[in-house]
>>> print(open('work.tsv').read())   # TSV, C-alpha atoms and all ligand atoms
chain	number	residue	atom	x	y	z
A	1	MET	CA	-24.93	-3.85	-64.80
A	2	LEU	CA	-23.23	-6.93	-66.24
A	3	ILE	CA	-21.78	-8.86	-63.33
A	4	GLY	CA	-19.31	-11.67	-64.07
A	5	VAL	CA	-18.46	-14.56	-61.77
A	6	PRO	CA	-15.44	-16.41	-63.16
A	7	ARG	CA	-14.17	-19.79	-62.03
A	8	GLU	CA	-11.18	-19.31	-59.74
A	9	SER	CA	-7.95	-20.55	-61.30
A	10	ALA	CA	-5.47	-20.27	-58.40
A	11	ALA	CA	-4.11	-23.65	-57.31
A	12	GLY	CA	-6.20	-25.18	-54.53
A	13	GLU	CA	-8.82	-22.43	-54.67
A	14	THR	CA	-12.21	-24.08	-54.45
A	15	ARG	CA	-14.31	-21.12	-53.38
A	16	VAL	CA	-16.55	-19.05	-55.62
A	17	ALA	CA	-17.51	-15.39	-55.19
A	18	ALA	CA	-21.27	-15.73	-55.74
A	19	THR	CA	-23.81	-18.38	-54.80
A	20	PRO	CA	-27.32	-18.98	-56.14
A	21	GLU	CA	-28.59	-17.04	-53.12
A	22	THR	CA	-26.58	-13.90	-53.95
A	23	VAL	CA	-27.13	-14.31	-57.70
A	24	LYS	CA	-30.89	-14.27	-57.09
A	25	LYS	CA	-30.65	-11.10	-55.00
A	26	LEU	CA	-28.46	-9.29	-57.53
A	27	LYS	CA	-30.74	-10.36	-60.35
A	28	ALA	CA	-33.72	-8.98	-58.41
A	29	GLN	CA	-31.88	-5.64	-58.32
A	30	GLY	CA	-31.92	-5.63	-62.12
A	31	HIS	CA	-28.40	-6.86	-62.88
A	32	VAL	CA	-27.41	-9.44	-65.47
A	33	LEU	CA	-25.36	-12.24	-63.91
A	34	ARG	CA	-22.86	-14.16	-66.01
A	35	VAL	CA	-21.42	-17.18	-64.24
A	36	GLU	CA	-18.60	-19.09	-65.89
A	37	GLN	CA	-19.44	-22.69	-66.59
A	38	GLY	CA	-18.27	-24.83	-63.66
A	39	ALA	CA	-17.45	-21.80	-61.47
A	40	GLY	CA	-19.12	-23.30	-58.41
A	41	LEU	CA	-18.44	-27.00	-58.92
A	42	ALA	CA	-15.53	-27.18	-56.45
A	43	ALA	CA	-17.84	-25.64	-53.84
A	44	SER	CA	-20.65	-28.08	-54.71
A	45	VAL	CA	-22.72	-25.51	-56.60
A	46	THR	CA	-23.88	-26.72	-60.01
A	47	ASP	CA	-24.42	-24.65	-63.13
A	48	GLU	CA	-28.07	-25.72	-62.94
A	49	ALA	CA	-28.39	-24.15	-59.49
A	50	TYR	CA	-26.98	-20.84	-60.78
A	51	ALA	CA	-29.22	-20.99	-63.84
A	52	ALA	CA	-32.26	-21.64	-61.65
A	53	ALA	CA	-31.32	-18.53	-59.66
A	54	GLY	CA	-31.36	-16.50	-62.86
A	55	ALA	CA	-27.73	-16.50	-64.03
A	56	GLU	CA	-26.54	-16.95	-67.59
A	57	ILE	CA	-23.98	-19.75	-67.76
A	58	VAL	CA	-21.23	-18.51	-70.06
A	59	ASP	CA	-17.69	-19.34	-71.18
A	60	ARG	CA	-14.60	-17.88	-69.52
A	61	ALA	CA	-14.16	-14.95	-71.90
A	62	ALA	CA	-17.80	-13.87	-71.51
A	63	ALA	CA	-17.62	-14.06	-67.71
A	64	PHE	CA	-14.58	-11.75	-67.70
A	65	ALA	CA	-16.12	-9.37	-70.25
A	66	SER	CA	-18.41	-7.80	-67.63
A	67	ASP	CA	-18.78	-4.39	-65.97
A	68	LEU	CA	-18.16	-5.81	-62.51
A	69	LEU	CA	-16.18	-8.94	-61.66
A	70	LEU	CA	-16.77	-10.85	-58.44
A	71	LYS	CA	-13.67	-12.85	-57.54
A	72	VAL	CA	-12.21	-14.72	-54.61
A	73	ARG	CA	-8.53	-14.24	-55.50
A	74	SER	CA	-6.86	-11.41	-57.36
A	75	PRO	CA	-6.80	-12.09	-61.12
A	76	ASP	CA	-3.50	-13.42	-62.48
A	77	THR	CA	-1.93	-12.14	-65.70
A	78	ASP	CA	-3.85	-14.63	-67.88
A	79	GLU	CA	-7.11	-13.51	-66.32
A	80	LEU	CA	-6.22	-9.83	-66.59
A	81	ALA	CA	-5.72	-10.32	-70.32
A	82	LEU	CA	-9.45	-11.12	-70.53
A	83	VAL	CA	-10.56	-7.99	-68.66
A	84	LYS	CA	-11.52	-4.77	-70.45
A	85	PRO	CA	-10.27	-1.42	-69.10
A	86	GLY	CA	-12.68	0.28	-66.71
A	87	THR	CA	-14.04	-2.96	-65.27
A	88	ALA	CA	-14.79	-2.93	-61.54
A	89	LEU	CA	-13.43	-5.77	-59.42
A	90	VAL	CA	-14.31	-6.94	-55.92
A	91	GLY	CA	-12.31	-9.67	-54.21
A	92	MET	CA	-9.63	-10.60	-51.74
A	93	LEU	CA	-6.90	-8.77	-53.62
A	94	ASN	CA	-4.15	-8.78	-50.99
A	95	PRO	CA	-3.70	-5.08	-50.15
A	96	PHE	CA	-0.06	-5.69	-49.17
A	97	ASP	CA	0.91	-7.13	-52.58
A	98	LYS	CA	2.33	-4.03	-54.29
A	99	ASP	CA	3.13	-5.80	-57.56
A	100	GLY	CA	-0.32	-7.37	-57.72
A	101	LEU	CA	-2.00	-3.99	-57.20
A	102	ALA	CA	0.26	-2.39	-59.81
A	103	ARG	CA	-0.96	-5.03	-62.30
A	104	LEU	CA	-4.59	-4.22	-61.49
A	105	ALA	CA	-3.91	-0.51	-61.95
A	106	ALA	CA	-2.13	-1.13	-65.26
A	107	ALA	CA	-5.20	-3.07	-66.45
A	108	GLN	CA	-7.28	0.06	-65.62
A	109	LEU	CA	-9.48	-1.71	-63.08
A	110	THR	CA	-11.46	0.00	-60.35
A	111	SER	CA	-10.68	-2.57	-57.71
A	112	PHE	CA	-11.82	-3.12	-54.14
A	113	ALA	CA	-10.01	-5.42	-51.70
A	114	LEU	CA	-12.45	-6.49	-49.03
A	115	GLU	CA	-9.65	-7.47	-46.61
A	116	ALA	CA	-8.96	-3.75	-46.21
A	117	ALA	CA	-12.37	-2.96	-44.70
A	118	PRO	CA	-12.10	-1.37	-41.26
A	119	ARG	CA	-12.96	-3.56	-38.23
A	120	THR	CA	-16.05	-1.50	-37.34
A	121	SER	CA	-19.60	-2.57	-36.50
A	122	ARG	CA	-20.91	-1.19	-39.81
A	123	ALA	CA	-18.33	-3.21	-41.77
A	124	GLN	CA	-18.94	-6.46	-39.90
A	125	SER	CA	-21.34	-7.94	-42.46
A	126	MET	CA	-18.73	-7.51	-45.23
A	127	ASP	CA	-15.70	-8.53	-43.17
A	128	VAL	CA	-14.12	-11.28	-45.23
A	129	LEU	CA	-11.18	-11.69	-42.87
A	130	SER	CA	-13.61	-12.61	-40.12
A	131	SER	CA	-15.88	-14.84	-42.19
A	132	GLN	CA	-12.93	-16.81	-43.56
A	133	ALA	CA	-10.79	-16.84	-40.38
A	134	ASN	CA	-13.75	-18.25	-38.48
A	135	ILE	CA	-13.81	-21.17	-40.91
A	136	ALA	CA	-10.02	-21.59	-40.72
A	137	GLY	CA	-10.18	-21.79	-36.91
A	138	TYR	CA	-12.83	-24.52	-37.07
A	139	LYS	CA	-11.07	-26.51	-39.78
A	140	ALA	CA	-7.70	-26.26	-37.98
A	141	VAL	CA	-9.17	-28.17	-35.06
A	142	MET	CA	-10.77	-30.70	-37.40
A	143	MET	CA	-7.42	-31.28	-39.09
A	144	ALA	CA	-5.65	-31.60	-35.76
A	145	ALA	CA	-8.22	-34.14	-34.56
A	146	GLU	CA	-7.80	-36.07	-37.80
A	147	ARG	CA	-3.99	-36.27	-37.40
A	148	TYR	CA	-3.94	-36.81	-33.63
A	149	GLN	CA	-3.85	-40.47	-32.67
A	150	ARG	CA	-5.77	-40.04	-29.45
A	151	PHE	CA	-9.16	-38.78	-28.31
A	152	PHE	CA	-9.90	-35.11	-27.64
A	153	PRO	CA	-12.44	-35.75	-24.84
A	154	MET	CA	-11.80	-37.41	-21.52
A	155	LEU	CA	-13.48	-40.81	-21.63
A	156	MET	CA	-14.21	-43.28	-18.87
A	157	THR	CA	-14.68	-46.68	-20.44
A	158	ALA	CA	-14.76	-50.28	-19.20
A	159	ALA	CA	-11.30	-50.62	-20.69
A	160	GLY	CA	-9.98	-47.71	-18.66
A	161	THR	CA	-9.88	-43.94	-18.66
A	162	VAL	CA	-8.65	-41.80	-21.54
A	163	LYS	CA	-7.27	-38.35	-20.72
A	164	ALA	CA	-8.58	-35.21	-22.43
A	165	ALA	CA	-6.27	-33.68	-25.03
A	166	ARG	CA	-4.39	-30.55	-23.99
A	167	VAL	CA	-4.75	-27.93	-26.70
A	168	VAL	CA	-2.72	-24.71	-26.79
A	169	ILE	CA	-3.94	-21.89	-29.04
A	170	LEU	CA	-1.49	-19.09	-29.86
A	171	GLY	CA	-3.13	-15.96	-31.23
A	172	VAL	CA	-6.73	-15.37	-30.23
A	173	GLY	CA	-8.29	-13.32	-33.02
A	174	VAL	CA	-11.27	-14.57	-34.96
A	175	ALA	CA	-9.61	-17.88	-35.96
A	176	GLY	CA	-8.19	-18.51	-32.50
A	177	LEU	CA	-11.54	-17.92	-30.80
A	178	GLN	CA	-13.30	-20.35	-33.16
A	179	ALA	CA	-10.49	-22.87	-32.59
A	180	ILE	CA	-11.03	-22.60	-28.84
A	181	ALA	CA	-14.80	-23.01	-29.21
A	182	THR	CA	-14.41	-26.00	-31.54
A	183	ALA	CA	-11.77	-27.77	-29.43
A	184	LYS	CA	-13.90	-27.15	-26.34
A	185	ARG	CA	-16.92	-28.77	-28.01
A	186	LEU	CA	-14.74	-31.82	-28.61
A	187	GLY	CA	-13.86	-31.93	-24.92
A	188	ALA	CA	-10.25	-30.69	-24.93
A	189	VAL	CA	-8.55	-28.75	-22.13
A	190	ILE	CA	-7.49	-25.40	-23.59
A	191	GLU	CA	-4.89	-22.73	-22.88
A	192	ALA	CA	-4.39	-19.67	-25.08
A	193	SER	CA	-2.00	-16.75	-25.52
A	194	ASP	CA	-2.30	-13.40	-27.27
A	195	VAL	CA	-0.43	-10.11	-27.07
A	196	ARG	CA	-3.69	-8.26	-26.51
A	197	PRO	CA	-4.79	-8.54	-22.89
A	198	SER	CA	-8.38	-7.67	-23.86
A	199	VAL	CA	-8.90	-11.19	-25.21
A	200	LYS	CA	-8.43	-12.82	-21.77
A	201	GLU	CA	-12.14	-12.43	-21.01
A	202	GLN	CA	-13.12	-13.92	-24.38
A	203	VAL	CA	-10.85	-16.93	-23.86
A	204	GLU	CA	-12.33	-17.54	-20.41
A	205	SER	CA	-15.90	-17.12	-21.63
A	206	LEU	CA	-15.27	-19.99	-24.07
A	207	GLY	CA	-13.93	-22.21	-21.29
A	208	GLY	CA	-10.21	-21.78	-22.01
A	209	LYS	CA	-7.43	-20.58	-19.72
A	210	PHE	CA	-5.50	-17.43	-20.69
A	211	ILE	CA	-1.71	-17.68	-20.47
A	212	GLU	CA	-0.78	-14.59	-18.45
A	213	VAL	CA	2.29	-12.56	-19.40
A	214	SER	CA	2.78	-9.27	-17.55
A	215	TYR	CA	3.13	-5.91	-19.29
A	216	ASP	CA	5.99	-4.27	-17.40
A	217	THR	CA	6.88	-1.11	-19.30
A	218	ALA	CA	4.92	1.74	-20.88
A	219	GLU	CA	6.22	0.60	-24.28
A	220	GLU	CA	4.87	-2.93	-23.71
A	221	LYS	CA	1.48	-1.63	-22.58
A	222	GLU	CA	1.19	0.68	-25.58
A	223	ALA	CA	2.14	-2.03	-28.07
A	224	ALA	CA	-0.32	-4.45	-26.48
A	225	GLU	CA	-3.22	-2.09	-27.17
A	226	GLY	CA	-2.62	-2.61	-30.89
A	227	VAL	CA	-4.23	-0.47	-33.54
A	228	GLY	CA	-7.74	-0.88	-34.93
A	229	GLY	CA	-8.10	-4.21	-33.11
A	230	TYR	CA	-4.95	-5.57	-34.75
A	231	ALA	CA	-1.74	-6.54	-32.99
A	232	ARG	CA	1.44	-4.51	-33.32
A	233	PRO	CA	4.92	-6.01	-33.02
A	234	MET	CA	5.66	-6.44	-29.29
A	235	PRO	CA	8.94	-5.34	-27.65
A	236	GLN	CA	11.50	-8.16	-27.37
A	237	SER	CA	11.39	-7.99	-23.55
A	238	TRP	CA	7.69	-9.02	-23.59
A	239	LEU	CA	8.20	-11.65	-26.30
A	240	ASP	CA	10.99	-13.22	-24.20
A	241	ARG	CA	8.67	-13.56	-21.21
A	242	GLN	CA	5.85	-14.85	-23.41
A	243	LYS	CA	8.23	-17.45	-24.86
A	244	ILE	CA	9.02	-18.85	-21.41
A	245	GLU	CA	5.32	-19.21	-20.54
A	246	VAL	CA	4.37	-20.61	-23.95
A	247	ALA	CA	7.28	-23.10	-23.88
A	248	LYS	CA	5.99	-24.63	-20.61
A	249	ARG	CA	2.50	-25.13	-22.10
A	250	VAL	CA	3.73	-26.40	-25.47
A	251	ALA	CA	5.89	-29.06	-23.79
A	252	GLN	CA	2.74	-30.48	-22.17
A	253	ALA	CA	0.44	-29.97	-25.15
A	254	ASP	CA	-0.98	-32.64	-27.42
A	255	VAL	CA	-2.16	-30.14	-30.02
A	256	VAL	CA	-0.93	-26.61	-30.73
A	257	ILE	CA	-2.86	-24.33	-33.07
A	258	THR	CA	-1.11	-21.11	-34.00
A	259	THR	CA	-2.92	-18.18	-35.60
A	260	ALA	CA	-0.71	-15.21	-34.63
A	261	LEU	CA	-0.52	-12.61	-37.38
A	262	ILE	CA	0.47	-8.98	-37.70
A	263	PRO	CA	-1.02	-7.43	-40.86
A	264	GLY	CA	1.54	-6.83	-43.61
A	265	ARG	CA	4.45	-8.43	-41.73
A	266	ALA	CA	6.00	-11.85	-41.37
A	267	ALA	CA	4.23	-13.89	-38.68
A	268	PRO	CA	5.94	-13.87	-35.27
A	269	VAL	CA	7.83	-17.06	-34.36
A	270	LEU	CA	6.13	-18.45	-31.28
A	271	VAL	CA	6.99	-22.16	-31.40
A	272	SER	CA	10.75	-22.65	-31.79
A	273	GLU	CA	12.42	-25.86	-32.96
A	274	GLU	CA	13.50	-26.42	-29.37
A	275	MET	CA	9.86	-26.29	-28.28
A	276	VAL	CA	8.88	-28.80	-30.97
A	277	ARG	CA	11.62	-31.13	-29.68
A	278	SER	CA	10.11	-30.84	-26.19
A	279	MET	CA	6.71	-32.09	-27.38
A	280	LYS	CA	5.46	-35.66	-27.00
A	281	PRO	CA	5.65	-37.96	-30.04
A	282	GLY	CA	2.36	-37.92	-31.90
A	283	SER	CA	1.58	-34.32	-31.00
A	284	VAL	CA	0.17	-32.08	-33.72
A	285	ILE	CA	0.82	-28.44	-34.64
A	286	VAL	CA	-1.51	-26.69	-37.07
A	287	ASP	CA	0.14	-23.44	-38.19
A	288	LEU	CA	-2.50	-21.09	-39.58
A	289	ALA	CA	0.20	-18.48	-40.17
A	290	ALA	CA	1.96	-20.80	-42.67
A	291	ALA	CA	1.30	-18.46	-45.60
A	292	ALA	CA	2.89	-15.55	-43.70
A	293	GLY	CA	6.08	-17.47	-42.87
A	294	GLY	CA	4.62	-19.55	-40.05
A	295	ASN	CA	4.51	-19.22	-36.28
A	296	CYS	CA	6.86	-22.22	-36.20
A	297	PRO	CA	10.05	-22.24	-38.29
A	298	LEU	CA	9.61	-25.98	-38.99
A	299	THR	CA	6.28	-25.45	-40.73
A	300	GLU	CA	6.35	-26.01	-44.48
A	301	ALA	CA	3.73	-23.92	-46.25
A	302	GLY	CA	1.20	-26.06	-48.09
A	303	LYS	CA	2.51	-29.33	-46.64
A	304	THR	CA	2.03	-31.65	-43.70
A	305	VAL	CA	5.38	-32.87	-42.38
A	306	VAL	CA	6.56	-34.87	-39.36
A	307	LYS	CA	9.56	-33.45	-37.49
A	308	HIS	CA	10.94	-34.67	-34.16
A	309	GLY	CA	7.90	-36.97	-33.97
A	310	VAL	CA	5.48	-34.03	-34.22
A	311	THR	CA	3.08	-33.58	-37.15
A	312	LEU	CA	3.16	-30.03	-38.51
A	313	VAL	CA	0.23	-29.00	-40.71
A	314	GLY	CA	1.11	-26.00	-42.92
A	315	GLU	CA	-2.10	-25.78	-44.94
A	316	THR	CA	-2.29	-22.24	-46.37
A	317	ASN	CA	-5.92	-22.07	-47.42
A	318	LEU	CA	-8.10	-23.80	-44.84
A	319	PRO	CA	-11.32	-21.98	-45.84
A	320	ALA	CA	-10.98	-23.60	-49.29
A	321	LEU	CA	-11.36	-26.98	-47.55
A	322	VAL	CA	-14.81	-25.91	-46.35
A	323	ALA	CA	-15.62	-24.52	-49.79
A	324	ALA	CA	-19.42	-24.54	-49.68
A	325	ASP	CA	-19.86	-22.59	-46.45
A	326	ALA	CA	-16.77	-20.46	-47.07
A	327	SER	CA	-18.26	-19.42	-50.43
A	328	ALA	CA	-21.72	-18.85	-48.96
A	329	LEU	CA	-20.37	-16.48	-46.30
A	330	TYR	CA	-17.92	-14.79	-48.65
A	331	ALA	CA	-20.62	-14.22	-51.28
A	332	ARG	CA	-22.82	-12.58	-48.63
A	333	ASN	CA	-19.91	-10.34	-47.59
A	334	ILE	CA	-19.62	-9.22	-51.22
A	335	LEU	CA	-23.36	-8.68	-51.59
A	336	ASP	CA	-23.30	-6.37	-48.60
A	337	PHE	CA	-20.30	-4.43	-49.87
A	338	LEU	CA	-21.95	-3.93	-53.27
A	339	LYS	CA	-24.72	-1.94	-51.57
A	340	LEU	CA	-22.10	0.75	-50.96
A	341	VAL	CA	-20.80	1.01	-54.53
A	342	ILE	CA	-23.83	0.35	-56.76
A	343	THR	CA	-26.43	3.09	-57.10
A	344	LYS	CA	-30.19	2.51	-57.25
A	345	GLU	CA	-29.90	3.07	-61.01
A	346	GLY	CA	-27.49	0.15	-61.17
A	347	THR	CA	-24.32	2.10	-61.94
A	348	LEU	CA	-20.97	2.01	-60.16
A	349	ASP	CA	-20.31	4.74	-57.62
A	350	VAL	CA	-17.19	5.22	-55.50
A	351	PRO	CA	-18.24	7.41	-52.55
A	352	MET	CA	-14.89	8.34	-51.01
A	353	ASP	CA	-16.60	9.89	-47.99
A	354	ASP	CA	-17.62	6.36	-46.99
A	355	ASP	CA	-14.82	5.01	-44.79
A	356	ILE	CA	-15.37	1.41	-45.91
A	357	VAL	CA	-15.28	2.23	-49.63
A	358	ALA	CA	-12.27	4.52	-49.18
A	359	ALA	CA	-10.38	1.81	-47.29
A	360	CYS	CA	-11.21	-0.96	-49.78
A	361	LEU	CA	-10.49	1.00	-52.97
A	362	MET	CA	-7.12	-0.24	-54.22
A	363	THR	CA	-6.89	0.98	-57.80
A	364	GLN	CA	-8.73	3.51	-59.94
A	365	ALA	CA	-8.01	5.31	-63.23
A	366	GLY	CA	-4.70	3.51	-63.67
A	367	GLU	CA	-3.37	4.35	-60.20
A	368	VAL	CA	-2.78	2.43	-57.00
A	369	LYS	CA	-4.45	4.27	-54.15
A	370	ALA	CA	-2.29	5.05	-51.12
A	371	ARG	CA	-3.15	2.88	-48.10
A	372	LYS	CA	-4.60	4.79	-45.19
B	1	LIG	P1	-5.21	-11.45	-37.00
B	1	LIG	O1	-5.61	-12.56	-37.89
B	1	LIG	O2	-4.57	-10.24	-37.60
B	1	LIG	O3	-4.23	-12.01	-35.86
B	1	LIG	C1	-4.59	-13.14	-35.08
B	1	LIG	C2	-4.25	-12.90	-33.64
B	1	LIG	O4	-2.83	-13.01	-33.45
B	1	LIG	C3	-4.64	-11.53	-33.08
B	1	LIG	O5	-5.51	-11.72	-31.99
B	1	LIG	C4	-3.30	-10.94	-32.64
B	1	LIG	O6	-3.42	-10.12	-31.50
B	1	LIG	C5	-2.50	-12.20	-32.36
B	1	LIG	N1	-1.04	-12.01	-32.26
B	1	LIG	C6	-0.19	-11.26	-33.01
B	1	LIG	N2	1.08	-11.38	-32.57
B	1	LIG	C7	1.07	-12.27	-31.53
B	1	LIG	C8	2.05	-12.81	-30.68
B	1	LIG	N3	3.33	-12.45	-30.78
B	1	LIG	N4	1.65	-13.68	-29.72
B	1	LIG	C9	0.34	-14.02	-29.60
B	1	LIG	N5	-0.63	-13.55	-30.36
B	1	LIG	C10	-0.28	-12.67	-31.33
B	1	LIG	O7	-6.46	-10.95	-36.13
B	1	LIG	P2	-8.01	-11.06	-36.47
B	1	LIG	O8	-8.51	-12.39	-36.18
B	1	LIG	O9	-8.20	-10.52	-37.84
B	1	LIG	O10	-8.64	-10.07	-35.41
B	1	LIG	C11	-8.06	-8.84	-35.07
B	1	LIG	C12	-8.96	-8.11	-34.10
B	1	LIG	O11	-10.04	-7.48	-34.75
B	1	LIG	C13	-9.56	-8.95	-33.02
B	1	LIG	O12	-9.57	-8.21	-31.83
B	1	LIG	C14	-10.97	-9.12	-33.46
B	1	LIG	O13	-11.83	-9.44	-32.39
B	1	LIG	C15	-11.22	-7.76	-34.03
B	1	LIG	N6	-12.34	-7.75	-34.95
B	1	LIG	C16	-13.26	-6.74	-34.87
B	1	LIG	C17	-14.32	-6.72	-35.74
B	1	LIG	C18	-15.34	-5.65	-35.68
B	1	LIG	O14	-15.40	-4.92	-34.72
B	1	LIG	N7	-16.14	-5.51	-36.71
B	1	LIG	C19	-14.45	-7.70	-36.70
B	1	LIG	C20	-13.49	-8.69	-36.77
B	1	LIG	C21	-12.44	-8.70	-35.89
>>> encode(input="work.tsv", output="structure tokens", more="lines below")
Ligand code: NAD
Amino acid sequence: MLIGVPRESAAGETRVAATPETVKKLKAQGHVLRVEQGAGLAASVTDEAYAAAGAEIVDRAAAFASDLLLKVRSPDTDELALVKPGTALVGMLNPFDKDGLARLAAAQLTSFALEAAPRTSRAQSMDVLSSQANIAGYKAVMMAAERYQRFFPMLMTAAGTVKAARVVILGVGVAGLQAIATAKRLGAVIEASDVRPSVKEQVESLGGKFIEVSYDTAEEKEAAEGVGGYARPMPQSWLDRQKIEVAKRVAQADVVITTALIPGRAAPVLVSEEMVRSMKPGSVIVDLAAAAGGNCPLTEAGKTVVKHGVTLVGETNLPALVAADASALYARNILDFLKLVITKEGTLDVPMDDDIVAACLMTQAGEVKARK
């Protein structure tokens, strides 16, 4: 099979969907790899490294003229113009973007969005949300530390004692857990909140303190269980109580990292303007939900702004700032997924009785597949 790896053209996208490691493995399976010239440069992978792994270095048109395209972001209209009907596509295609999927269907692509893979043990090795959120959680803490004008750890020096930073993490999924672990390694004191009570143990095992909010009604308990590991919108009664508890912690915090997301919906507002006003000057908020509207209404997507003396970081693509490792992990996720859709003979197969393939398939034969 001809496998194309184009250079990503989306603004700020530095990642690449294949690395020399995965190119070598695909080549060993008998495929022909066409990597667009410069595809890996922003992730510190040279054309020479791809060539040494067995790839052909080609121009943009040749990379797109393949049987299977490996992408990070969904192709835009210019890119789709280079794709021939019937091409297979694997990437982070945004399963909730109806217009984007309609464009892929109109271009007659058989497309797979890896974000749609179920959160099961078997799908773990191809779980791009986890591999990338883990990086975002780490980088969020790095960015906070960079902007914060004080130390994270408690220090006892001859010139006096420095207090440890108080870090509040809102939303404890994959990114939140990595943010806790990273801030802990730097010596911060950490408190964290999530709608799902099951994460309390995980927060504590990483040395953080869980912000307790009671679940008083059957409706609250049911919503808190979520679905498939994901959060569901919580009843207002619970959110009101959570707000009171969070507000107390945010007022004392030096750094707040928010990661709260509900798939396919606007991010919940957890840090109000009033809470930002209550924070100390020089405090930092990193809003990982910026692309989904933000967990703080003062966040500006893609920008770092200072409001009421607080720095708000609204970076929307943190994994792209750790491009080399983000690409390495993403490329391995793809390699693992390909085992499900490429036969031993090297042809494309779409086994719909495989729950991962069925969940990831977005378009086929000109149609957008209904989301399960
Ligand atoms: P996510 O990015 O969708 O959301 C981030 C976090 O925000 C979640 O923990 C969510 O509960 C929380 N949240 C939503 N609304 C909130 C609110 N109002 N207040 C506070 N927190 C709020 O989640 P994710 O990181 O993709 O992880 C989702 C779940 O899937 C986690 O339980 C994770 O451990 C699990 N998971 C399982 C597997 C697997 O079994 N293979 C793999 C990856 C993740």
>>> atom_distance(input="work.tsv", atom1="CA of Ala224 (chain A)", atom2="CA of Ala188 (chain A)")
28.1 Å
>>> closest_residue(input="work.tsv", among="A:Ala175, A:Ala81, A:Ala10, A:Ala55", to="Ala28 (chain A)", atoms="all atoms listed in the file")
A:Ala55
>>> residues_around(input="work.tsv", residues="Cys296 (chain A)", least_positions_apart="2", cutoff="7 Å", atoms="all atoms listed in the file", output="MDAnalysis selection string")
chainID A and resid 269:272 294 298:299
>>> residues_near_ligand(input="work.tsv", ligand="ligand LIG 1 (chain B)", cutoff="6 Å", atoms="all atoms listed in the file", output="ChimeraX atom specification")
/A:119-121,123-124,129-130,170-175,193-196,229-231,259-263,268
>>> closest_residue(input="work.tsv", among="A:Arg122, A:Lys98, A:Arg34, A:Lys303", to="Leu2 (chain A)", atoms="only C-alpha atoms")
A:Arg34
>>> closest_atom_pairs(input="work.tsv", of="region 207-247 of chain A", to="region 176-179 of chain A", cutoff="12 Å", atoms="all atoms listed in the file", output="Markdown table")
| residue | atom | partner | partner_atom | distance |
| --- | --- | --- | --- | --- |
| A:Gly207 | CA | A:Leu177 | CA | 10.7 |
| A:Gly208 | CA | A:Leu177 | CA | 9.7 |
| A:Phe210 | CA | A:Leu177 | CA | 11.8 |
>>> residues_near_point(input="work.tsv", point="(-16.1, -19.9, -39.5)", cutoff="10 Å", atoms="all atoms listed in the file", output="list in words")
Ser130, Ser131, Gln132, Ala133, Asn134, Ile135, Ala136, Gly137, Tyr138, Lys139, Val174, Ala175, Gln178, Ala179, Pro319, Val322, Asp325, Ala326 and Leu329 of chain A
>>> atom_distance(input="work.tsv", atom1="CA of Leu361 (chain A)", atom2="CA of Arg232 (chain A)")
23.6 Å
>>> closest_residue(input="work.tsv", among="A:Asn295, A:Thr311, A:Ser327, A:Thr22", to="Val255 (chain A)", atoms="only C-alpha atoms")
A:Thr311
>>> closest_residue(input="work.tsv", among="A:Gly100, A:Gly187, A:Gly228, A:Gly346", to="Ala113 (chain A)", atoms="only C-alpha atoms")
A:Gly100
>>> residues_around(input="work.tsv", residues="region 153-161 of chain A", least_positions_apart="6", cutoff="10 Å", atoms="only C-alpha atoms", output="count of residues only")
7
>>> residues_around(input="work.tsv", residues="Asp354 (chain A)", least_positions_apart="5", cutoff="10 Å", atoms="all atoms listed in the file", output="list in words")
Leu340, Val341 and Ala359 of chain A
>>> atom_distance(input="work.tsv", atom1="CA of Arg241 (chain A)", atom2="CA of Val256 (chain A)")
18.8 Å
>>> closest_residue(input="work.tsv", among="A:Ala164, A:Ile257, A:Ala267, A:Met1", to="Lys344 (chain A)", atoms="all atoms listed in the file")
A:Met1
>>> residues_around(input="work.tsv", residues="Ala18 (chain A)", least_positions_apart="6", cutoff="8 Å", atoms="only C-alpha atoms", output="VMD selection string")
chain A and resid 5 70 327 to 328 330 to 332
>>> residues_around(input="work.tsv", residues="Val168 (chain A)", least_positions_apart="6", cutoff="6 Å", atoms="all atoms listed in the file", output="MDAnalysis selection string")
chainID A and resid 190:192 256
>>> write_last_selection(input="work.tsv", atoms="C-alpha atoms", output="JSON list (two decimals), in the coordinates of the input")
[["chain", "number", "residue", "atom", "x", "y", "z"],
["A", 190, "ILE", "CA", -7.49, -25.40, -23.59],
["A", 191, "GLU", "CA", -4.89, -22.73, -22.88],
["A", 192, "ALA", "CA", -4.39, -19.67, -25.08],
["A", 256, "VAL", "CA", -0.93, -26.61, -30.73]]
>>> axis_aligned_box(input="work.tsv", around="region 355-365 of chain A", padding_each_side="4 Å", output="JSON")
{"center_x": -11.1, "center_y": 2.2, "center_z": -54.0, "size_x": 16.5, "size_y": 14.3, "size_z": 26.4}
>>> residues_near_point(input="work.tsv", point="(-2.6, -33.4, -21.8)", cutoff="6 Å", atoms="only C-alpha atoms", output="count of residues only")
4
